[in-house]
>>> print(open('input-v4.cif').read())   # mmCIF, C-alpha atoms
data_entry
#
loop_
_atom_site.label_atom_id
_atom_site.label_comp_id
_atom_site.auth_asym_id
_atom_site.auth_seq_id
_atom_site.Cartn_x
_atom_site.Cartn_y
_atom_site.Cartn_z
CA MET A 1 -6.55 27.54 -13.23
CA THR A 2 -5.23 26.37 -16.62
CA ALA A 3 -2.19 24.45 -15.32
CA PRO A 4 -4.09 21.40 -14.01
CA ILE A 5 -6.08 21.16 -17.28
CA LEU A 6 -2.93 21.30 -19.41
CA PHE A 7 -1.24 18.84 -17.11
CA HIS A 8 -4.12 16.40 -17.45
CA HIS A 9 -4.30 16.80 -21.26
CA ASN A 10 -0.57 16.12 -21.62
CA SER A 11 -0.85 13.02 -19.45
CA VAL A 12 -3.73 11.62 -21.49
CA GLN A 13 -1.97 12.32 -24.77
CA GLN A 14 1.18 10.50 -23.71
CA LEU A 15 -0.81 7.51 -22.51
CA GLN A 16 -2.65 7.39 -25.81
CA ASN A 17 0.70 7.41 -27.64
CA VAL A 18 1.86 4.40 -25.64
CA LEU A 19 -1.23 2.43 -26.69
CA ARG A 20 -0.91 3.13 -30.43
CA PRO A 21 0.19 0.39 -32.88
CA ILE A 22 3.87 -0.41 -32.44
CA HIS A 23 5.04 1.53 -35.50
CA GLN A 24 3.26 4.65 -34.21
CA ALA A 25 3.77 4.29 -30.48
CA SER A 26 6.16 6.15 -28.21
CA GLY A 27 7.12 5.60 -24.60
CA LEU A 28 6.27 7.79 -21.65
CA GLY A 29 8.32 10.94 -21.23
CA ASN A 30 11.00 11.32 -18.58
CA GLU A 31 8.69 13.39 -16.40
CA PHE A 32 6.50 10.33 -15.76
CA TYR A 33 9.46 8.78 -13.96
CA THR A 34 10.94 11.80 -12.23
CA GLU A 35 8.29 14.37 -11.31
CA GLN A 36 6.45 14.25 -8.00
CA ALA A 37 3.23 15.51 -9.59
CA TYR A 38 3.00 12.44 -11.82
CA PHE A 39 3.85 10.15 -8.92
CA GLU A 40 0.98 11.62 -6.90
CA LEU A 41 -1.36 11.41 -9.90
CA GLU A 42 -0.60 7.69 -10.27
CA ARG A 43 -0.97 7.13 -6.55
CA ASP A 44 -4.37 8.84 -6.39
CA GLN A 45 -5.81 7.69 -9.73
CA VAL A 46 -4.28 4.22 -10.10
CA MET A 47 -3.05 2.75 -6.83
CA ALA A 48 -5.68 4.26 -4.53
CA LYS A 49 -8.58 2.95 -6.62
CA THR A 50 -7.56 -0.70 -6.50
CA TRP A 51 -6.02 -3.11 -3.97
CA ALA A 52 -2.33 -2.84 -3.10
CA CYS A 53 -0.27 -5.14 -0.90
CA VAL A 54 1.45 -3.25 1.91
CA GLY A 55 2.82 -5.97 4.18
CA PHE A 56 2.30 -9.33 5.85
CA ALA A 57 0.01 -10.26 8.70
CA SER A 58 2.78 -12.46 10.10
CA ASP A 59 4.84 -9.31 10.67
CA LEU A 60 2.36 -8.66 13.49
CA PRO A 61 3.16 -11.79 15.54
CA LYS A 62 1.38 -10.88 18.78
CA HIS A 63 -1.88 -9.36 19.92
CA GLY A 64 -0.85 -5.75 20.32
CA SER A 65 1.79 -5.72 17.56
CA VAL A 66 2.09 -2.61 15.40
CA ASN A 67 4.07 -1.93 12.24
CA PRO A 68 4.35 1.54 10.68
CA ILE A 69 4.82 1.66 6.91
CA ASP A 70 5.01 4.27 4.17
CA PHE A 71 2.73 3.79 1.18
CA MET A 72 3.70 6.14 -1.64
CA GLY A 73 4.17 9.01 0.81
CA PHE A 74 1.29 8.16 3.14
CA PRO A 75 2.25 7.09 6.69
CA LEU A 76 0.13 4.05 7.53
CA LEU A 77 -0.05 1.76 10.54
CA LEU A 78 -0.71 -1.97 10.55
CA MET A 79 -2.08 -3.13 13.92
CA ARG A 80 -3.20 -6.42 15.45
CA ASN A 81 -5.70 -5.68 18.20
CA ARG A 82 -6.16 -7.51 21.51
CA GLU A 83 -8.48 -10.04 19.85
CA GLY A 84 -6.04 -10.76 17.02
CA LEU A 85 -7.77 -8.78 14.27
CA VAL A 86 -5.41 -7.05 11.80
CA GLN A 87 -6.43 -3.54 10.74
CA VAL A 88 -4.80 -0.64 8.89
CA PHE A 89 -5.03 3.02 9.90
CA HIS A 90 -3.50 6.33 8.90
CA ASN A 91 -0.51 6.67 11.22
CA VAL A 92 -1.34 10.24 12.27
CA CYS A 93 -2.97 11.75 15.33
CA SER A 94 -6.44 13.15 14.77
CA HIS A 95 -5.47 16.41 16.47
CA ARG A 96 -2.44 17.89 14.70
CA GLY A 97 -1.46 15.11 12.30
CA MET A 98 1.60 14.05 14.28
CA LYS A 99 3.04 10.69 13.28
CA LEU A 100 2.14 8.29 16.07
CA VAL A 101 4.27 5.15 15.74
CA GLN A 102 7.88 5.32 14.58
CA GLU A 103 9.00 1.69 14.84
CA ALA A 104 7.49 -1.79 14.72
CA GLY A 105 6.90 -3.38 18.11
CA ASP A 106 4.34 -4.35 20.72
CA VAL A 107 1.97 -1.94 22.47
CA GLN A 108 1.46 -2.81 26.12
CA GLY A 109 -1.24 -0.27 26.87
CA VAL A 110 -2.31 2.43 24.42
CA ILE A 111 -0.73 4.38 21.58
CA ARG A 112 0.27 7.84 22.76
CA CYS A 113 0.82 10.85 20.54
CA PRO A 114 4.18 12.44 21.43
CA TYR A 115 2.83 15.96 20.83
CA HIS A 116 -0.22 16.38 23.09
CA SER A 117 -0.43 12.90 24.66
CA TRP A 118 -3.71 11.96 23.07
CA THR A 119 -4.05 8.18 23.37
CA TYR A 120 -5.65 5.53 21.17
CA ASP A 121 -6.51 1.88 21.72
CA LEU A 122 -5.66 -0.88 19.24
CA ASN A 123 -9.00 -0.49 17.51
CA GLY A 124 -8.16 3.12 16.71
CA GLY A 125 -10.50 4.56 19.33
CA LEU A 126 -9.55 7.85 20.95
CA LYS A 127 -9.31 7.20 24.70
CA GLY A 128 -7.39 10.06 26.30
CA THR A 129 -7.43 13.81 25.64
CA PRO A 130 -5.45 15.54 28.42
CA HIS A 131 -6.62 19.07 29.26
CA VAL A 132 -8.94 19.17 26.23
CA GLY A 133 -11.55 21.11 28.23
CA GLY A 134 -9.05 23.28 30.11
CA VAL A 135 -6.31 22.63 32.65
CA ASN A 136 -7.01 19.30 34.38
CA GLN A 137 -10.27 18.94 32.45
CA HIS A 138 -9.57 15.82 30.38
CA LYS A 139 -13.08 15.49 28.93
CA ASP A 140 -15.46 18.03 27.46
CA GLU A 141 -19.10 17.47 26.56
CA ARG A 142 -18.59 19.57 23.44
CA PHE A 143 -15.95 17.14 22.13
CA ALA A 144 -16.97 13.58 21.25
CA CYS A 145 -13.97 11.25 21.39
CA GLU A 146 -15.82 8.58 19.40
CA LYS A 147 -15.82 10.89 16.36
CA HIS A 148 -12.08 11.52 16.41
CA GLY A 149 -10.40 8.13 16.45
CA LEU A 150 -7.73 7.01 14.01
CA LYS A 151 -8.87 6.96 10.39
CA ALA A 152 -9.25 3.35 9.25
CA ILE A 153 -8.39 2.16 5.75
CA ARG A 154 -10.30 -0.60 3.99
CA SER A 155 -8.14 -3.71 4.19
CA ALA A 156 -8.20 -7.45 3.54
CA ILE A 157 -5.79 -10.35 3.98
CA TRP A 158 -5.03 -13.01 1.38
CA MET A 159 -2.36 -15.68 1.85
CA ASP A 160 -0.89 -13.63 4.74
CA MET A 161 -0.57 -10.54 2.53
CA VAL A 162 -2.27 -7.38 3.80
CA PHE A 163 -4.00 -5.43 1.03
CA ILE A 164 -5.48 -1.94 1.25
CA ASN A 165 -7.91 0.03 -0.88
CA LEU A 166 -7.44 3.73 -0.16
CA SER A 167 -10.50 4.92 -2.09
CA GLY A 168 -12.69 2.40 -0.27
CA ASP A 169 -14.82 1.60 -3.31
CA ALA A 170 -12.89 -1.00 -5.28
CA PRO A 171 -14.58 -4.36 -5.99
CA ALA A 172 -14.01 -6.97 -3.29
CA LEU A 173 -10.47 -8.32 -3.14
CA GLU A 174 -11.76 -11.85 -3.77
CA ALA A 175 -13.35 -10.68 -7.04
CA MET A 176 -10.15 -9.02 -8.21
CA LEU A 177 -8.12 -12.15 -7.44
CA THR A 178 -10.52 -14.61 -9.08
CA PRO A 179 -8.64 -14.84 -12.42
CA LEU A 180 -5.43 -15.58 -10.50
CA THR A 181 -6.88 -18.12 -8.09
CA GLU A 182 -8.71 -19.92 -10.91
CA ARG A 183 -5.52 -20.11 -12.96
CA TRP A 184 -3.51 -21.46 -10.03
CA SER A 185 -6.14 -23.96 -8.92
CA GLN A 186 -5.44 -26.29 -11.85
CA PHE A 187 -1.87 -26.66 -10.62
CA LEU A 188 -2.42 -26.65 -6.87
CA GLY A 189 -5.80 -28.28 -6.31
CA ASP A 190 -8.49 -27.19 -3.88
CA ASP A 191 -6.12 -26.86 -0.93
CA GLY A 192 -3.07 -25.84 -2.90
CA MET A 193 -3.20 -22.18 -1.91
CA ASN A 194 -2.15 -23.17 1.58
CA LEU A 195 1.14 -24.44 0.14
CA LEU A 196 2.00 -20.94 -1.00
CA ARG A 197 1.35 -19.21 2.29
CA ARG A 198 4.27 -17.54 3.95
CA ARG A 199 5.35 -19.78 6.83
CA SER A 200 7.43 -17.38 8.92
CA THR A 201 9.08 -14.00 8.82
CA GLY A 202 12.26 -15.73 7.64
CA ASP A 203 10.57 -16.81 4.41
CA ALA A 204 10.85 -13.38 2.80
CA ALA A 205 13.55 -11.20 1.35
CA SER A 206 13.30 -7.44 0.92
CA ILE A 207 14.98 -5.53 -1.89
CA GLU A 208 14.87 -1.74 -1.88
CA VAL A 209 15.24 -0.38 -5.40
CA GLN A 210 16.08 3.29 -5.87
CA CYS A 211 13.85 3.94 -8.85
CA ASN A 212 10.35 4.95 -9.81
CA TRP A 213 7.93 2.08 -9.28
CA LYS A 214 7.17 1.81 -13.02
CA LEU A 215 10.79 0.99 -13.87
CA ALA A 216 10.75 -1.99 -11.53
CA VAL A 217 7.44 -3.23 -12.95
CA GLU A 218 8.60 -2.79 -16.53
CA ASN A 219 11.74 -4.81 -15.79
CA TYR A 220 9.64 -7.77 -14.65
CA CYS A 221 7.34 -7.50 -17.66
CA GLU A 222 10.09 -8.18 -20.21
CA ALA A 223 12.43 -11.12 -20.80
CA TYR A 224 14.76 -9.34 -23.23
CA HIS A 225 17.53 -9.08 -20.62
CA LEU A 226 17.52 -12.74 -19.55
CA PRO A 227 20.29 -14.14 -21.80
CA TRP A 228 22.79 -11.61 -20.47
CA VAL A 229 21.67 -10.85 -16.92
CA HIS A 230 20.13 -14.22 -15.94
CA PRO A 231 21.69 -16.89 -18.19
CA ALA A 232 20.78 -19.71 -15.79
CA LEU A 233 17.14 -18.62 -15.72
CA ASN A 234 17.21 -18.26 -19.48
CA SER A 235 18.18 -21.94 -19.79
CA TYR A 236 14.66 -23.03 -18.82
CA SER A 237 12.63 -19.81 -19.10
CA ARG A 238 14.04 -18.96 -22.48
CA LEU A 239 13.87 -15.65 -24.28
CA GLU A 240 12.15 -17.31 -27.25
CA ASP A 241 9.41 -18.67 -24.96
CA HIS A 242 8.35 -15.13 -24.14
#
>>> encode(input="input-v4.cif", output="structure tokens")
Amino acid sequence: MTAPILFHHNSVQQLQNVLRPIHQASGLGNEFYTEQAYFELERDQVMAKTWACVGFASDLPKHGSVNPIDFMGFPLLLMRNREGLVQVFHNVCSHRGMKLVQEAGDVQGVIRCPYHSWTYDLNGGLKGTPHVGGVNQHKDERFACEKHGLKAIRSAIWMDMVFINLSGDAPALEAMLTPLTERWSQFLGDDGMNLLRRRSTGDAASIEVQCNWKLAVENYCEAYHLPWVHPALNSYSRLEDH
């Protein structure tokens, strides 16, 4: 029972050390970048409690398109239903937790679990439960299908980007983005946001970096490396300007 308490105390102490005045501060220890326990702590206490972008609505080009993704170890499923609405669900069957969709594509009928052939529609509703009441008894009055559909995740779309809030209780996405949209409006005007929308799936590039997420973020938060790594960028976004 003492391990979680010590773990939490050590985490808080290291974070406090980071926030001290510069001559007293120290960086996070190696374990914050390498240990699974810290990764899960950050996922559950940081990422899950706010909004995180997990994909693009334009990656679901048709009514019936699905796209499975992994979010920090959670298998999720982006779906566009028959009416065109984009939703996000946990990509696991309600019965035994089997992963439902392996690859992006279009669903012609229903989503079928490969384990027991339970089926779901594109709104996450449970539609088929073969033999659930016994051999050839596909319905049972003791089992309510409407209570066992796919588990939806709170989601919102902004400028084609699909955001999720795992905890379900973060402030509205619009409220979180207000400082950004207000800052950009002076450069783009009232309709300027439309200029920044992704136009097609060919407008994006994907880079997979084999590192802890914090290392990638920290790299983008400092300009110290620009003169040597990005000399052309440094010519107009100079080190001394940062």
>>> resolve_selection(input="input-v4.cif", expression="the PyMOL selection byres ((chain A and resi 72-75) around 9)", output="PyMOL selection string")
chain A and resi 39-40+43+68-71+76-77+89-92+99
>>> write_last_selection(input="input-v4.cif", atoms="C-alpha atoms", output="PDB file, keeping the file's coordinate frame")
ATOM      1  CA  PHE A  39       3.850  10.150  -8.920  1.00  0.00           C
ATOM      2  CA  GLU A  40       0.980  11.620  -6.900  1.00  0.00           C
ATOM      3  CA  ARG A  43      -0.970   7.130  -6.550  1.00  0.00           C
ATOM      4  CA  PRO A  68       4.350   1.540  10.680  1.00  0.00           C
ATOM      5  CA  ILE A  69       4.820   1.660   6.910  1.00  0.00           C
ATOM      6  CA  ASP A  70       5.010   4.270   4.170  1.00  0.00           C
ATOM      7  CA  PHE A  71       2.730   3.790   1.180  1.00  0.00           C
ATOM      8  CA  LEU A  76       0.130   4.050   7.530  1.00  0.00           C
ATOM      9  CA  LEU A  77      -0.050   1.760  10.540  1.00  0.00           C
ATOM     10  CA  PHE A  89      -5.030   3.020   9.900  1.00  0.00           C
ATOM     11  CA  HIS A  90      -3.500   6.330   8.900  1.00  0.00           C
ATOM     12  CA  ASN A  91      -0.510   6.670  11.220  1.00  0.00           C
ATOM     13  CA  VAL A  92      -1.340  10.240  12.270  1.00  0.00           C
ATOM     14  CA  LYS A  99       3.040  10.690  13.280  1.00  0.00           C
TER      15      LYS A  99
END
>>> residues_around(input="input-v4.cif", residues="A:Leu78", least_positions_apart="3", cutoff="10 Å", atoms="all atoms listed in the file", output="NGL selection string")
:A and (54-57 or 59-60 or 65-69 or 81 or 86-91 or 104 or 153 or 155 or 162)
>>> closest_residue(input="input-v4.cif", among="A:Val101, A:Val229, A:Val107, A:Val135", to="A:Arg80", atoms="only C-alpha atoms")
A:Val107
>>> residues_near_point(input="input-v4.cif", point="(-8.6, 2.7, -4.9)", cutoff="6 Å", atoms="all atoms listed in the file", output="ChimeraX atom specification")
/A:47-50,165-167,170
>>> residues_around(input="input-v4.cif", residues="stretch 119-127 of chain A", least_positions_apart="3", cutoff="6 Å", atoms="all atoms listed in the file", output="JSON, numbers by chain")
{"A": [81, 110, 111, 112, 145, 149, 150]}
>>> closest_residue(input="input-v4.cif", among="A:Met161, A:Leu239, A:Leu180, A:Ile207", to="A:Glu222", atoms="only C-alpha atoms")
A:Leu239
>>> resolve_selection(input="input-v4.cif", expression="the PyMOL selection byres ((chain A and resi 238) around 12)", output="list in words")
Glu222, Ala223, Tyr224, His225, Leu226, Pro227, Trp228, His230, Pro231, Ala232, Leu233, Asn234, Ser235, Tyr236, Ser237, Leu239, Glu240, Asp241 and His242 of chain A
>>> closest_residue(input="input-v4.cif", among="A:Gln186, A:Gln24, A:Thr178, A:Thr34", to="A:Trp213", atoms="only C-alpha atoms")
A:Thr34
>>> atom_distance(input="input-v4.cif", atom1="atom CA of A:Leu173", atom2="atom CA of A:Trp158")
8.5 Å
>>> closest_residue(input="input-v4.cif", among="A:Leu85, A:Ile157, A:Leu100, A:Val132", to="A:Glu174", atoms="only C-alpha atoms")
A:Ile157
>>> resolve_selection(input="input-v4.cif", expression="the PyMOL selection byres ((chain A and resi 129) around 6)", output="JSON, numbers by chain")
{"A": [118, 128, 130, 132, 138]}
>>> atom_distance(input="input-v4.cif", atom1="atom CA of A:Gln16", atom2="atom CA of A:Glu218")
17.8 Å
>>> closest_residue(input="input-v4.cif", among="A:Asn17, A:Lys62, A:Trp51, A:Gln45", to="A:Phe163", atoms="only C-alpha atoms")
A:Trp51
>>> build_atoms(input="input-v4.cif", residues="stretch 15-31 of chain A", atoms="N, CA, C and O atoms", output="compact mmCIF listing (two decimals), in the coordinates of the input")
# COMPACT_ATOMS: atom_id res chain seq x y z
N LEU A 15 -0.29 8.86 -22.70
CA LEU A 15 -0.81 7.51 -22.51
C LEU A 15 -1.41 6.97 -23.80
O LEU A 15 -1.25 5.79 -24.13
N GLN A 16 -2.08 7.81 -24.53
CA GLN A 16 -2.65 7.39 -25.81
C GLN A 16 -1.54 7.01 -26.79
O GLN A 16 -1.68 6.04 -27.55
N ASN A 17 -0.42 7.73 -26.75
CA ASN A 17 0.70 7.41 -27.64
C ASN A 17 1.31 6.05 -27.31
O ASN A 17 1.74 5.33 -28.21
N VAL A 18 1.34 5.70 -26.05
CA VAL A 18 1.86 4.40 -25.64
C VAL A 18 1.01 3.27 -26.21
O VAL A 18 1.52 2.21 -26.59
N LEU A 19 -0.30 3.48 -26.30
CA LEU A 19 -1.23 2.43 -26.69
C LEU A 19 -1.45 2.35 -28.21
O LEU A 19 -2.22 1.50 -28.67
N ARG A 20 -0.76 3.18 -28.97
CA ARG A 20 -0.91 3.13 -30.43
C ARG A 20 -0.25 1.86 -30.98
O ARG A 20 0.55 1.21 -30.30
N PRO A 21 -0.53 1.50 -32.25
CA PRO A 21 0.19 0.39 -32.88
C PRO A 21 1.69 0.61 -32.80
O PRO A 21 2.17 1.75 -32.77
N ILE A 22 2.45 -0.47 -32.77
CA ILE A 22 3.87 -0.41 -32.44
C ILE A 22 4.65 0.55 -33.33
O ILE A 22 5.56 1.24 -32.87
N HIS A 23 4.29 0.65 -34.60
CA HIS A 23 5.04 1.53 -35.50
C HIS A 23 4.69 3.00 -35.30
O HIS A 23 5.34 3.88 -35.87
N GLN A 24 3.65 3.27 -34.49
CA GLN A 24 3.26 4.65 -34.21
C GLN A 24 3.46 5.03 -32.74
O GLN A 24 3.36 6.20 -32.40
N ALA A 25 3.75 4.05 -31.92
CA ALA A 25 3.77 4.29 -30.48
C ALA A 25 5.06 4.97 -30.02
O ALA A 25 6.09 4.92 -30.70
N SER A 26 4.98 5.59 -28.87
CA SER A 26 6.16 6.15 -28.21
C SER A 26 6.01 5.92 -26.71
O SER A 26 4.91 5.78 -26.20
N GLY A 27 7.15 5.84 -26.04
CA GLY A 27 7.12 5.60 -24.60
C GLY A 27 6.76 6.84 -23.82
O GLY A 27 6.65 7.95 -24.37
N LEU A 28 6.55 6.65 -22.52
CA LEU A 28 6.27 7.79 -21.65
C LEU A 28 7.48 8.70 -21.55
O LEU A 28 8.62 8.24 -21.59
N GLY A 29 7.23 9.98 -21.37
CA GLY A 29 8.32 10.94 -21.23
C GLY A 29 9.02 10.81 -19.89
O GLY A 29 8.52 10.19 -18.96
N ASN A 30 10.20 11.40 -19.80
CA ASN A 30 11.00 11.32 -18.58
C ASN A 30 10.23 11.79 -17.35
O ASN A 30 10.41 11.27 -16.25
N GLU A 31 9.37 12.80 -17.55
CA GLU A 31 8.69 13.39 -16.40
C GLU A 31 7.79 12.38 -15.68
O GLU A 31 7.54 12.51 -14.49
